[in-house]
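final.csv, holding CSV, C-alpha atoms:
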```csv
chain,number,residue,atom,x,y,z
Y,1,MET,CA,106.3,114.0,175.2
Y,2,ILE,CA,106.5,116.0,172.0
Y,3,THR,CA,108.9,119.0,171.9
Y,4,TYR,CA,108.5,122.1,169.8
Y,5,ASN,CA,111.1,120.9,167.4
Y,6,ASP,CA,109.5,117.4,167.1
Y,7,GLN,CA,106.2,119.1,166.4
Y,8,GLU,CA,107.7,121.2,163.6
Y,9,VAL,CA,109.4,118.2,162.1
Y,10,LEU,CA,106.2,116.2,162.3
Y,11,PHE,CA,104.1,118.9,160.7
Y,12,THR,CA,106.6,119.4,157.9
Y,13,ALA,CA,106.6,115.6,157.2
Y,14,ILE,CA,102.8,115.6,157.2
Y,15,GLY,CA,102.8,118.6,154.9
Y,16,LYS,CA,105.0,116.8,152.4
Y,17,ARG,CA,102.7,113.8,152.2
Y,18,LEU,CA,99.4,115.6,151.7
Y,19,HIS,CA,97.4,115.0,148.5
Y,20,LYS,CA,95.3,118.1,149.1
Y,21,ASN,CA,95.4,121.4,151.1
Y,22,VAL,CA,94.4,120.8,154.7
Y,23,ARG,CA,93.4,123.5,157.2
Y,24,CYS,CA,93.1,123.1,161.0
Y,25,ILE,CA,93.1,125.0,164.2
Y,26,ALA,CA,95.7,124.3,167.0
Y,27,PHE,CA,94.6,124.6,170.6
Y,28,GLY,CA,95.8,123.1,173.9
Y,29,GLY,CA,99.5,122.3,174.4
Y,30,THR,CA,100.3,122.6,170.7
Y,31,ALA,CA,99.1,126.2,170.6
Y,32,MET,CA,101.0,126.9,173.8
Y,33,MET,CA,104.2,125.7,172.2
Y,34,PHE,CA,103.7,128.0,169.2
Y,35,TYR,CA,103.1,130.8,171.7
Y,36,GLY,CA,106.4,130.0,173.5
Y,37,TYR,CA,104.7,129.2,176.8
Y,38,LYS,CA,106.1,125.7,177.1
Y,39,ASP,CA,108.6,123.4,175.5
Y,40,ASP,CA,106.7,120.1,175.3
Y,41,THR,CA,103.3,118.6,175.3
Y,42,LYS,CA,101.6,115.3,175.8
Y,43,ASP,CA,99.4,115.6,172.7
Y,44,ILE,CA,98.8,117.6,169.6
Y,45,ASP,CA,95.2,118.9,169.7
Y,46,LEU,CA,93.8,119.9,166.3
Y,47,LEU,CA,90.3,121.0,165.2
Y,48,PHE,CA,89.3,120.5,161.6
Y,49,GLU,CA,86.5,122.4,160.0
Y,50,HIS,CA,85.8,119.7,157.4
Y,51,LEU,CA,85.6,115.9,157.8
Y,52,GLU,CA,87.5,115.5,154.5
Y,53,ASP,CA,90.4,117.5,155.9
Y,54,ARG,CA,90.6,115.2,158.9
Y,55,ALA,CA,90.3,112.1,156.8
Y,56,GLU,CA,93.3,113.3,154.6
Y,57,PHE,CA,95.3,114.1,157.8
Y,58,ILE,CA,94.5,110.7,159.2
Y,59,ARG,CA,95.5,109.0,155.9
Y,60,VAL,CA,98.9,110.7,156.2
Y,61,ILE,CA,99.6,110.0,159.9
Y,62,GLU,CA,98.5,106.3,159.4
Y,63,SER,CA,101.1,106.0,156.7
Y,64,MET,CA,103.6,107.3,159.2
Y,65,GLY,CA,102.8,104.6,161.6
Y,66,PHE,CA,100.3,106.3,163.9
Y,67,GLN,CA,97.5,104.0,165.1
Y,68,GLN,CA,94.1,104.8,166.5
Y,69,SER,CA,94.0,104.5,170.3
Y,70,SER,CA,91.4,104.6,173.0
Y,71,LEU,CA,90.0,107.7,174.7
Y,72,PHE,CA,89.5,105.8,177.9
Y,73,ASN,CA,91.1,107.5,181.0
Y,74,ILE,CA,92.0,110.7,179.1
Y,75,TYR,CA,88.7,112.6,178.7
Y,76,ILE,CA,85.8,112.8,181.1
Y,77,PRO,CA,83.3,110.2,179.8
Y,78,GLU,CA,80.2,112.4,180.2
Y,79,LYS,CA,81.7,115.0,177.8
Y,80,LEU,CA,82.6,112.6,175.1
Y,81,ASP,CA,79.4,112.2,173.0
Y,82,PRO,CA,78.6,113.1,170.3
Y,83,HIS,CA,81.7,115.2,169.3
Y,84,LYS,CA,84.4,113.0,170.6
Y,85,PRO,CA,87.9,113.3,169.0
Y,86,LEU,CA,89.8,110.5,167.2
Y,87,MET,CA,93.0,109.7,169.0
Y,88,TYR,CA,96.1,108.5,167.1
Y,89,SER,CA,99.4,107.6,168.8
Y,90,ARG,CA,102.8,106.3,168.1
Y,91,GLU,CA,105.5,105.9,170.7
Y,92,GLY,CA,105.5,109.2,172.7
Y,93,ALA,CA,103.4,111.2,170.3
Y,94,ARG,CA,99.7,111.5,170.2
Y,95,PHE,CA,97.2,113.4,168.1
Y,96,ASP,CA,93.7,114.4,169.4
Y,97,LEU,CA,91.7,115.2,166.2
Y,98,PHE,CA,88.3,117.0,166.5
Y,99,VAL,CA,86.0,118.0,163.7
Y,100,LYS,CA,83.8,121.1,163.8
Y,101,GLN,CA,83.4,121.0,167.6
Y,102,ILE,CA,85.4,120.4,170.7
Y,103,PHE,CA,82.9,118.5,172.7
Y,104,HIS,CA,80.0,121.1,172.8
Y,105,THR,CA,82.2,124.1,171.9
Y,106,VAL,CA,81.9,125.3,168.3
Y,107,THR,CA,84.2,127.5,166.3
Y,108,SER,CA,82.9,131.0,166.8
Y,109,PRO,CA,83.3,133.8,164.2
Y,110,LYS,CA,85.8,135.4,166.6
Y,111,MET,CA,87.9,132.2,166.7
Y,112,LYS,CA,88.1,132.2,162.9
Y,113,GLU,CA,89.0,135.9,162.5
Y,114,ASP,CA,91.0,136.7,165.5
Y,115,MET,CA,93.9,134.2,165.5
Y,116,PHE,CA,97.4,134.5,167.1
Y,117,ALA,CA,99.4,132.9,164.3
Y,118,ARG,CA,99.1,131.0,161.0
Y,119,HIS,CA,101.8,128.4,160.2
Y,120,GLU,CA,101.9,126.9,156.7
Y,121,PHE,CA,103.8,123.7,156.2
Y,122,LYS,CA,104.2,123.6,152.4
Y,123,GLU,CA,105.4,121.3,149.7
Y,124,THR,CA,103.1,120.5,146.8
Y,125,TYR,CA,100.1,121.0,149.1
Y,126,ALA,CA,100.0,122.9,152.4
Y,127,LEU,CA,99.1,122.0,155.9
Y,128,THR,CA,97.8,125.3,157.4
Y,129,VAL,CA,97.7,125.4,161.2
Y,130,ALA,CA,96.0,128.4,162.7
Y,131,VAL,CA,96.9,129.1,166.3
Y,132,LEU,CA,94.1,130.3,168.6
Y,133,ARG,CA,94.4,133.4,170.8
Y,134,LYS,CA,95.4,132.7,174.4
Y,135,GLU,CA,91.9,133.5,175.7
Y,136,PHE,CA,90.4,130.7,173.6
Y,137,ILE,CA,93.2,128.3,174.7
Y,138,VAL,CA,92.2,129.0,178.4
Y,139,MET,CA,88.5,128.5,177.6
Y,140,LEU,CA,89.1,125.2,175.9
Y,141,LYS,CA,91.4,124.0,178.6
Y,142,SER,CA,88.8,124.6,181.2
Y,143,VAL,CA,86.4,122.6,179.1
Y,144,THR,CA,88.7,119.6,178.4
Y,145,GLU,CA,89.7,119.3,182.1
Y,146,ARG,CA,92.5,116.8,181.5
Y,147,ASP,CA,95.6,116.3,183.7
Y,148,LYS,CA,97.7,119.4,183.7
Y,149,ASP,CA,95.1,121.5,181.9
Y,150,PHE,CA,94.7,123.7,185.0
Y,151,GLU,CA,98.5,124.0,185.3
Y,152,ASP,CA,98.7,125.2,181.7
Y,153,ILE,CA,95.9,127.8,182.4
Y,154,LEU,CA,97.9,129.0,185.3
Y,155,THR,CA,101.1,129.3,183.2
Y,156,ILE,CA,99.3,131.4,180.6
Y,157,VAL,CA,97.6,133.7,183.1
Y,158,LYS,CA,100.8,134.2,185.1
Y,159,LYS,CA,102.9,135.0,182.0
Y,160,GLU,CA,100.4,137.3,180.3
Y,161,ALA,CA,100.0,140.7,181.9
Y,162,SER,CA,97.8,141.6,179.0
Y,163,PHE,CA,95.4,138.7,179.4
Y,164,ASN,CA,92.0,140.0,178.2
Y,165,TRP,CA,89.4,138.7,180.8
Y,166,GLN,CA,86.5,140.5,179.2
Y,167,TYR,CA,87.3,138.8,175.8
Y,168,LEU,CA,87.3,135.4,177.5
Y,169,ILE,CA,84.0,136.1,179.3
Y,170,ASP,CA,82.4,137.4,176.0
Y,171,GLU,CA,83.4,134.2,174.2
Y,172,VAL,CA,82.2,131.9,177.1
Y,173,LEU,CA,78.8,133.7,177.0
Y,174,TRP,CA,78.6,133.4,173.2
Y,175,GLN,CA,79.4,129.7,173.4
Y,176,TYR,CA,76.8,129.2,176.2
Y,177,LYS,CA,74.1,131.0,174.1
Y,178,ASN,CA,75.0,128.8,171.1
Y,179,GLY,CA,74.4,125.5,172.9
Y,180,ASP,CA,77.5,124.8,174.9
Y,181,ASN,CA,76.1,123.8,178.3
Y,182,TRP,CA,79.3,122.8,179.8
Y,183,VAL,CA,81.5,125.9,179.1
Y,184,LEU,CA,79.8,128.2,181.7
Y,185,MET,CA,80.0,125.9,184.6
Y,186,ASP,CA,83.5,124.8,183.7
Y,187,THR,CA,84.8,128.4,183.4
Y,188,ILE,CA,83.2,129.4,186.7
Y,189,LYS,CA,84.9,126.4,188.3
Y,190,MET,CA,88.2,127.3,186.7
Y,191,LEU,CA,88.0,130.9,187.8
Y,192,HIS,CA,87.2,130.0,191.4
Y,193,GLU,CA,90.3,127.8,191.4
Y,194,LEU,CA,92.4,130.3,189.6
Y,195,ARG,CA,91.6,133.1,192.1
Y,196,LYS,CA,93.6,131.1,194.7
Y,197,TYR,CA,96.7,131.8,192.7
Y,198,VAL,CA,96.3,135.0,190.8
Y,199,PHE,CA,94.2,138.1,191.0
Y,200,VAL,CA,91.0,137.9,188.9
Y,201,GLU,CA,88.4,140.6,189.4
Y,202,GLN,CA,85.1,139.5,191.0
Y,203,LYS,CA,83.1,141.2,188.3
Y,204,TYR,CA,84.1,138.6,185.7
Y,205,LEU,CA,82.8,135.8,187.9
Y,206,LYS,CA,79.6,137.8,188.5
Y,207,LEU,CA,79.0,138.1,184.8
Y,208,LEU,CA,79.1,134.4,184.4
Y,209,THR,CA,77.1,133.5,187.5
Y,210,LYS,CA,74.4,136.1,186.5
Y,211,GLU,CA,74.0,134.4,183.1
Y,212,LEU,CA,73.7,131.0,184.9
Y,213,LYS,CA,71.0,132.3,187.3
Y,214,VAL,CA,69.0,133.9,184.4
Y,215,ASN,CA,68.9,130.6,182.6
Y,216,LYS,CA,68.0,128.6,185.6
Y,217,LYS,CA,64.9,130.9,186.2
L,1,MET,CA,119.0,132.0,193.5
L,2,ARG,CA,116.0,134.1,192.4
L,3,ASN,CA,113.1,132.6,190.6
L,4,GLN,CA,113.6,132.9,186.8
L,5,ASP,CA,110.0,134.1,186.3
L,6,ASP,CA,110.7,137.0,188.6
L,7,ILE,CA,113.9,137.9,186.8
L,8,LEU,CA,112.1,137.8,183.5
L,9,ARG,CA,109.3,139.9,184.8
L,10,LYS,CA,111.8,142.5,186.0
L,11,LEU,CA,113.7,142.5,182.7
L,12,GLU,CA,110.8,142.3,180.3
L,13,GLY,CA,111.1,144.7,177.4
L,14,LEU,CA,114.1,146.3,175.8
L,15,GLN,CA,117.3,146.5,177.9
L,16,THR,CA,120.9,147.5,177.5
L,17,ILE,CA,123.5,145.9,179.6
L,18,GLU,CA,123.6,148.9,181.9
L,19,SER,CA,119.8,149.1,182.4
L,20,ALA,CA,119.6,145.4,183.0
L,21,SER,CA,122.4,145.4,185.7
L,22,HIS,CA,120.7,148.4,187.3
L,23,VAL,CA,117.3,146.7,187.4
L,24,LEU,CA,118.8,143.5,188.8
L,25,GLY,CA,121.3,145.3,191.1
L,26,MET,CA,124.1,143.0,189.8
L,27,ALA,CA,127.6,143.5,188.5
L,28,ARG,CA,128.0,143.9,184.8
L,29,GLN,CA,129.7,140.5,184.3
L,30,SER,CA,127.1,138.7,186.4
L,31,THR,CA,124.4,140.3,184.3
L,32,LEU,CA,126.1,139.3,181.1
L,33,ASN,CA,126.3,135.7,182.3
L,34,LEU,CA,122.6,135.8,183.2
L,35,LEU,CA,121.6,137.3,179.8
L,36,SER,CA,123.6,134.7,178.0
L,37,LYS,CA,121.8,132.0,179.9
L,38,LEU,CA,118.4,133.5,179.0
L,39,LYS,CA,119.4,133.7,175.4
L,40,LYS,CA,120.2,130.0,175.4
L,41,GLN,CA,116.8,129.3,176.8
L,42,GLN,CA,115.2,131.5,174.0
L,43,TYR,CA,113.8,134.2,176.3
L,44,LEU,CA,116.1,136.8,174.9
L,45,THR,CA,117.1,138.0,171.4
L,46,THR,CA,119.7,140.7,170.6
L,47,SER,CA,120.0,143.5,168.1
L,48,GLY,CA,122.5,146.2,167.4
L,49,GLY,CA,126.1,145.6,168.3
L,50,GLY,CA,129.2,147.0,166.6
L,51,LYS,CA,128.9,150.8,166.3
L,52,ARG,CA,125.4,150.6,167.7
L,53,LYS,CA,124.4,150.0,171.2
L,54,ARG,CA,123.5,146.3,171.8
L,55,LEU,CA,119.9,145.9,172.8
L,56,TYR,CA,118.4,142.9,174.5
L,57,LYS,CA,114.7,142.1,173.9
L,58,ILE,CA,113.5,140.0,176.8
L,59,THR,CA,110.1,138.3,177.1
L,60,LEU,CA,108.3,136.0,179.5
L,61,ARG,CA,107.5,133.8,176.6
L,62,LYS,CA,110.1,131.9,174.5
L,63,GLN,CA,111.0,133.7,171.3
L,64,ARG,CA,111.0,130.9,168.7
L,65,PRO,CA,113.1,131.1,165.6
L,66,ARG,CA,110.9,132.3,162.7
L,67,ASP,CA,110.4,131.4,159.1
L,68,PRO,CA,109.3,134.4,156.9
L,69,GLY,CA,105.7,134.9,156.0
L,70,MET,CA,103.6,137.4,154.1
L,71,PHE,CA,104.2,140.4,156.3
L,72,ASP,CA,108.0,139.7,156.4
L,73,ILE,CA,108.2,139.6,152.6
L,74,ILE,CA,106.0,142.7,152.0
L,75,ASN,CA,108.0,144.7,154.6
L,76,LYS,CA,111.3,143.5,153.1
L,77,TYR,CA,110.4,144.8,149.6
L,78,SER,CA,108.3,147.8,150.5
L,79,PRO,CA,110.8,150.7,151.1
L,80,HIS,CA,108.6,153.2,152.8
L,81,MET,CA,105.3,151.7,153.8
L,82,LYS,CA,105.6,149.0,156.4
L,83,ILE,CA,102.8,146.8,157.7
L,84,ALA,CA,102.2,146.1,161.4
L,85,GLU,CA,101.2,142.4,161.4
L,86,TRP,CA,97.9,141.6,163.3
L,87,TYR,CA,98.8,137.9,163.4
L,88,ASP,CA,102.0,136.0,163.1
L,89,HIS,CA,102.2,134.5,159.6
L,90,GLN,CA,105.0,132.0,159.0
L,91,VAL,CA,105.5,129.6,156.1
L,92,HIS,CA,107.8,126.6,156.5
L,93,GLY,CA,108.7,125.8,152.9
L,94,VAL,CA,109.2,127.8,149.7
L,95,TYR,CA,107.7,131.2,150.0
L,96,GLY,CA,108.6,134.2,147.9
L,97,PRO,CA,107.1,137.4,146.4
L,98,GLU,CA,104.7,135.4,144.2
L,99,GLU,CA,103.0,133.6,147.1
L,100,ALA,CA,103.1,136.8,149.2
L,101,LEU,CA,101.3,138.8,146.6
L,102,ILE,CA,98.5,136.3,146.3
L,103,ASP,CA,98.2,136.1,150.1
L,104,ALA,CA,98.2,139.9,150.3
L,105,ILE,CA,95.3,140.1,147.8
L,106,GLU,CA,93.4,137.5,149.9
L,107,THR,CA,93.6,139.6,153.0
L,108,GLN,CA,91.4,142.3,151.2
L,109,SER,CA,93.2,144.8,153.4
L,110,PHE,CA,93.7,148.2,151.8
L,111,ARG,CA,97.1,148.9,153.3
L,112,VAL,CA,98.5,145.3,152.8
L,113,ILE,CA,97.5,145.4,149.1
L,114,LEU,CA,99.0,148.9,148.7
L,115,ALA,CA,102.3,147.9,150.2
L,116,SER,CA,102.4,144.7,148.2
L,117,LEU,CA,102.6,146.6,144.9
L,118,HIS,CA,106.3,146.8,145.4
L,119,LEU,CA,106.5,143.0,145.0
L,120,PHE,CA,106.0,143.5,141.3
L,121,LYS,CA,109.6,144.6,141.1
L,122,HIS,CA,110.7,141.2,142.4
L,123,ILE,CA,108.3,138.8,140.5
L,124,THR,CA,110.5,136.4,138.5
L,125,ASP,CA,108.3,133.4,138.1
L,126,TRP,CA,105.1,134.6,136.2
L,127,LYS,CA,104.1,131.0,135.5
L,128,LYS,CA,103.9,130.3,139.2
L,129,LEU,CA,102.1,133.5,139.9
L,130,TYR,CA,99.5,132.8,137.1
L,131,LYS,CA,99.0,129.3,138.5
L,132,LEU,CA,98.5,130.4,142.1
L,133,ALA,CA,96.2,133.2,141.0
L,134,ASN,CA,94.1,130.8,139.0
L,135,GLU,CA,93.8,128.4,141.9
L,136,ARG,CA,92.4,131.2,144.0
L,137,ASP,CA,90.5,132.9,141.2
L,138,CYS,CA,92.2,136.3,141.5
L,139,TRP,CA,94.2,136.7,138.2
L,140,ASN,CA,92.2,139.8,137.2
L,141,LYS,CA,93.2,141.5,140.5
L,142,VAL,CA,96.8,140.6,139.9
L,143,GLY,CA,96.6,142.1,136.4
L,144,ALA,CA,95.0,145.3,137.6
L,145,LEU,CA,97.5,145.8,140.4
L,146,TYR,CA,100.3,145.2,137.9
L,147,ASP,CA,99.0,147.9,135.6
L,148,VAL,CA,98.7,150.3,138.5
L,149,ALA,CA,102.2,149.5,139.8
L,150,ARG,CA,103.7,150.1,136.3
L,151,LEU,CA,102.3,153.6,136.3
L,152,PHE,CA,104.5,154.5,139.3
L,153,PHE,CA,107.6,152.4,139.2
L,154,LYS,CA,109.6,150.0,137.1
L,155,ALA,CA,108.1,146.6,137.5
L,156,VAL,CA,109.3,143.3,135.9
L,157,ARG,CA,107.5,143.1,132.6
L,158,ILE,CA,104.7,140.4,132.4
L,159,PRO,CA,105.1,137.9,129.5
L,160,SER,CA,102.4,138.6,126.9
L,161,ARG,CA,100.9,135.1,127.1
L,162,TYR,CA,99.7,135.9,130.7
L,163,TYR,CA,98.6,139.4,130.0
L,164,HIS,CA,94.9,138.8,129.5
L,165,VAL,CA,91.6,139.2,131.4
L,166,LEU,CA,90.2,135.9,132.6
L,167,SER,CA,86.7,136.9,133.9
L,168,GLN,CA,84.2,139.6,133.0
L,169,LYS,CA,82.7,139.7,136.5
L,170,TRP,CA,83.5,142.8,138.5
L,171,VAL,CA,85.4,142.1,141.7
L,172,GLN,CA,86.6,144.2,144.7
L,173,LEU,CA,90.2,144.4,146.1
L,174,SER,CA,89.0,145.7,149.4
L,175,GLN,CA,85.7,146.8,150.9
L,176,LEU,CA,85.7,150.0,148.8
L,177,ARG,CA,83.9,150.0,145.5
L,178,LYS,CA,85.8,152.9,143.9
L,179,LYS,CA,86.7,153.1,140.3
L,180,ASN,CA,90.1,154.9,140.6
L,181,PHE,CA,92.3,154.5,137.5
L,182,PRO,CA,89.1,154.0,135.4
L,183,ASP,CA,90.9,152.6,132.3
L,184,ILE,CA,92.6,149.9,134.3
L,185,ALA,CA,89.5,149.2,136.4
L,186,GLU,CA,87.4,148.8,133.3
L,187,LYS,CA,89.9,146.6,131.5
L,188,TRP,CA,90.4,144.1,134.3
L,189,ARG,CA,86.9,144.5,135.8
L,190,VAL,CA,88.4,145.3,139.3
L,191,PHE,CA,87.4,148.1,141.6
L,192,ILE,CA,90.7,149.8,142.5
L,193,PRO,CA,90.4,151.3,146.0
L,194,PHE,CA,93.6,153.5,146.1
L,195,ASN,CA,94.2,156.8,144.3
L,196,ILE,CA,97.3,158.7,143.1
L,197,ASN,CA,98.0,160.2,146.6
L,198,ASP,CA,97.8,156.8,148.3
L,199,LEU,CA,100.3,155.4,145.7
L,200,ARG,CA,102.7,158.4,146.2
L,201,GLU,CA,102.6,157.6,150.0
L,202,ALA,CA,103.4,154.0,149.3
```
Now that the file is in, can you turn its structure into structure tokens?
Amino acid sequence: MITYNDQEVLFTAIGKRLHKNVRCIAFGGTAMMFYGYKDDTKDIDLLFEHLEDRAEFIRVIESMGFQQSSLFNIYIPEKLDPHKPLMYSREGARFDLFVKQIFHTVTSPKMKEDMFARHEFKETYALTVAVLRKEFIVMLKSVTERDKDFEDILTIVKKEASFNWQYLIDEVLWQYKNGDNWVLMDTIKMLHELRKYVFVEQKYLKLLTKELKVNKK
Amino acid sequence: MRNQDDILRKLEGLQTIESASHVLGMARQSTLNLLSKLKKQQYLTTSGGGKRKRLYKITLRKQRPRDPGMFDIINKYSPHMKIAEWYDHQVHGVYGPEEALIDAIETQSFRVILASLHLFKHITDWKKLYKLANERDCWNKVGALYDVARLFFKAVRIPSRYYHVLSQKWVQLSQLRKKNFPDIAEKWRVFIPFNINDLREA
């Protein structure tokens, strides 16, 4: 497990070894730690906009002893192609590195503009980590469907009185219209499960199921 | 023993020791012990104390220790005009007025750029500022802002070797294409969005 302090030390060390500026987006457990929702995570999930940025990041983590590992048993096989992440691990730490897309989910204009935080780890060059808003984290966690992803969603929703459901639904619909076939079904499934634990208004589910029916017709 | 989430939910917000013990229905010393425990777990930060009343800020999320970012630096040096941050910006490494000024220009936000004018009082490393501005292609904007700032308050004087226009292309500081301070705008080829009244407010 990687703690918040480990993560900060790791990012600082990576920032020091970079040969160019690198930008990425943090989601999943990493973003949750930046938010303060939890203290440790199994993996650090990062999304890069450019392949060159990921290549530079990989060069650095390989020099720190990280080795590429298999995706087997971690992600659902049907979801993996063609935008599968590269996974690098060392002892208890693991990086899941995506480029441009997280499976079928693309970086929307809202994701780029409306972030929760921006952390820069600087020396000669900077590693800039943008932290996604909680609504995006929930959406991506319902897509990735790994162990504990649902638990994390529950933690966020329980702790956030100001969780913006409409914002989440708008983003899910945007992703669906832009080619992500999984996100709608996954979010509907997640919301059904979530309603067993917390109150989520029926109208949000209806908005999603309506879209699904329209497209089936 | 009550669930910690329930306690946090009840206490969420700003509390004094009296209000917290009232909310929890506990004795003062027991409440203090509980608040101390929450502080260790990073759910609580304190302010005030001494002559002022001690205030406890309690959240459901952990309040991580922060490193200063652009908004912190601007708010530190801008005496009257403060900026409400719309995202949490933190820089883990060297970050001073020079970097904050360049980041402020990059936001293209009217208020952020206006508040950042006060940073010119604290620029000491012009070489660094020149290099950073060159990397992001915004030296003309820095020059124009410097000239505007000098009209209203004492700013650190720029070394003459850096005081020159780099590009003849007109650029905008924000979305407004106004030519306030026409001499300065013309010289640096920069549309200056704020007028004298905005600067007086800042």
Taking only residues of chain L that have an atom at most 6 Å from an atom of chain Y, what is each one's shortest atom pair and its distance in Å to one decimal, using all atoms listed in the file, in chain and number order, as a tab-separated table?
```
residue	atom	partner	partner_atom	distance
L:Arg61	CA	Y:Gly36	CA	5.0
L:Lys62	CA	Y:Gly36	CA	4.3
L:Tyr87	CA	Y:Ala117	CA	5.1
L:Asp88	CA	Y:Ala117	CA	4.2
L:His89	CA	Y:Arg118	CA	4.9
L:Gln90	CA	Y:His119	CA	5.0
L:Val91	CA	Y:Glu120	CA	4.5
L:His92	CA	Y:Phe121	CA	4.9
L:Gly93	CA	Y:Lys122	CA	5.0
```
What does the structure give for the distance between CA of Met1 (chain Y) and CA of Glu91 (chain Y), in Å to one decimal?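 Separation between CA of Met1 (chain Y) and CA of Glu91 (chain Y): 9.3 Å.
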query = If we count all atoms listed in the file, what is near region 50-59 of chain L at a cut-off of 9 Å, once residues fewer than 2 positions away on the same chain are taken out, given as a ChimeraX atom specification?
reply = /L:8-9,11-17,20,35,38-39,43-48,61-63
If you count only C-alpha atoms, the residue of L:Ile73, L:Leu114, L:Leu24, L:Ala144 closest to Asn195 (chain L) turns out to be L:Leu114
Across L:Leu166, L:Arg66, L:Ala115, L:Phe110, the smallest distance to Asn134 (chain L), with only C-alpha atoms counted, is shown by L:Leu166
Contacts of region 171-179 of chain L within 8 Å, only C-alpha atoms, excl. fewer than 5 positions in-chain, as a list in words: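 Here the answer would be Ile105, Gln108, Ser109, Phe110, Ile113, Lys141, Ala185, Arg189, Val190, Phe191, Ile192 and Pro193 of chain L.
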With a distance cut-off of 8 Å and all atoms listed in the file, select the neighbouring residues of region 46-48 of chain Y, excluding the residue or stretch itself and same-chain residues fewer than 2 positions from it, and output the selection as number ranges by chain.
Y: 23-27, 44, 50-51, 53-54, 95-102
Repaired coordinates for region 82-97 of chain L (N, CA and C atoms) as an mmCIF file, in the frame of the given file:
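Output below, filename selection.cif:
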```
data_model
loop_
_atom_site.group_PDB
_atom_site.id
_atom_site.type_symbol
_atom_site.label_atom_id
_atom_site.label_comp_id
_atom_site.auth_asym_id
_atom_site.auth_seq_id
_atom_site.Cartn_x
_atom_site.Cartn_y
_atom_site.Cartn_z
ATOM 1 N N LYS L 82 105.432 150.294 155.745
ATOM 2 C CA LYS L 82 105.600 149.000 156.400
ATOM 3 C C LYS L 82 104.257 148.614 157.081
ATOM 4 N N ILE L 83 104.034 147.336 157.159
ATOM 5 C CA ILE L 83 102.800 146.800 157.700
ATOM 6 C C ILE L 83 102.982 146.243 159.091
ATOM 7 N N ALA L 84 102.134 146.654 160.030
ATOM 8 C CA ALA L 84 102.200 146.100 161.400
ATOM 9 C C ALA L 84 101.319 144.791 161.311
ATOM 10 N N GLU L 85 101.917 143.657 161.600
ATOM 11 C CA GLU L 85 101.200 142.400 161.400
ATOM 12 C C GLU L 85 100.165 142.233 162.573
ATOM 13 N N TRP L 86 98.964 141.801 162.219
ATOM 14 C CA TRP L 86 97.900 141.600 163.300
ATOM 15 C C TRP L 86 97.854 140.122 163.647
ATOM 16 N N TYR L 87 98.590 139.283 162.961
ATOM 17 C CA TYR L 87 98.800 137.900 163.400
ATOM 18 C C TYR L 87 100.158 137.465 162.882
ATOM 19 N N ASP L 88 100.709 136.441 163.500
ATOM 20 C CA ASP L 88 102.000 136.000 163.100
ATOM 21 C C ASP L 88 101.917 134.984 161.968
ATOM 22 N N HIS L 89 102.338 135.391 160.771
ATOM 23 C CA HIS L 89 102.200 134.500 159.600
ATOM 24 C C HIS L 89 103.605 133.918 159.302
ATOM 25 N N GLN L 90 103.710 132.594 159.296
ATOM 26 C CA GLN L 90 105.000 132.000 159.000
ATOM 27 C C GLN L 90 104.736 130.820 157.978
ATOM 28 N N VAL L 91 105.634 130.707 157.013
ATOM 29 C CA VAL L 91 105.500 129.600 156.100
ATOM 30 C C VAL L 91 106.793 128.769 156.136
ATOM 31 N N HIS L 92 106.617 127.488 156.444
ATOM 32 C CA HIS L 92 107.800 126.600 156.500
ATOM 33 C C HIS L 92 107.823 125.849 155.199
ATOM 34 N N GLY L 93 108.599 126.390 154.292
ATOM 35 C CA GLY L 93 108.700 125.800 152.900
ATOM 36 C C GLY L 93 108.999 126.976 151.989
ATOM 37 N N VAL L 94 108.819 126.722 150.688
ATOM 38 C CA VAL L 94 109.200 127.800 149.700
ATOM 39 C C VAL L 94 108.125 128.890 149.777
ATOM 40 N N TYR L 95 108.603 130.110 149.949
ATOM 41 C CA TYR L 95 107.700 131.200 150.000
ATOM 42 C C TYR L 95 108.412 132.484 149.530
ATOM 43 N N GLY L 96 107.914 133.059 148.455
ATOM 44 C CA GLY L 96 108.600 134.200 147.900
ATOM 45 C C GLY L 96 107.569 135.308 147.527
ATOM 46 N N PRO L 97 107.981 136.304 146.727
ATOM 47 C CA PRO L 97 107.100 137.400 146.400
ATOM 48 C C PRO L 97 105.808 136.945 145.678
#
```
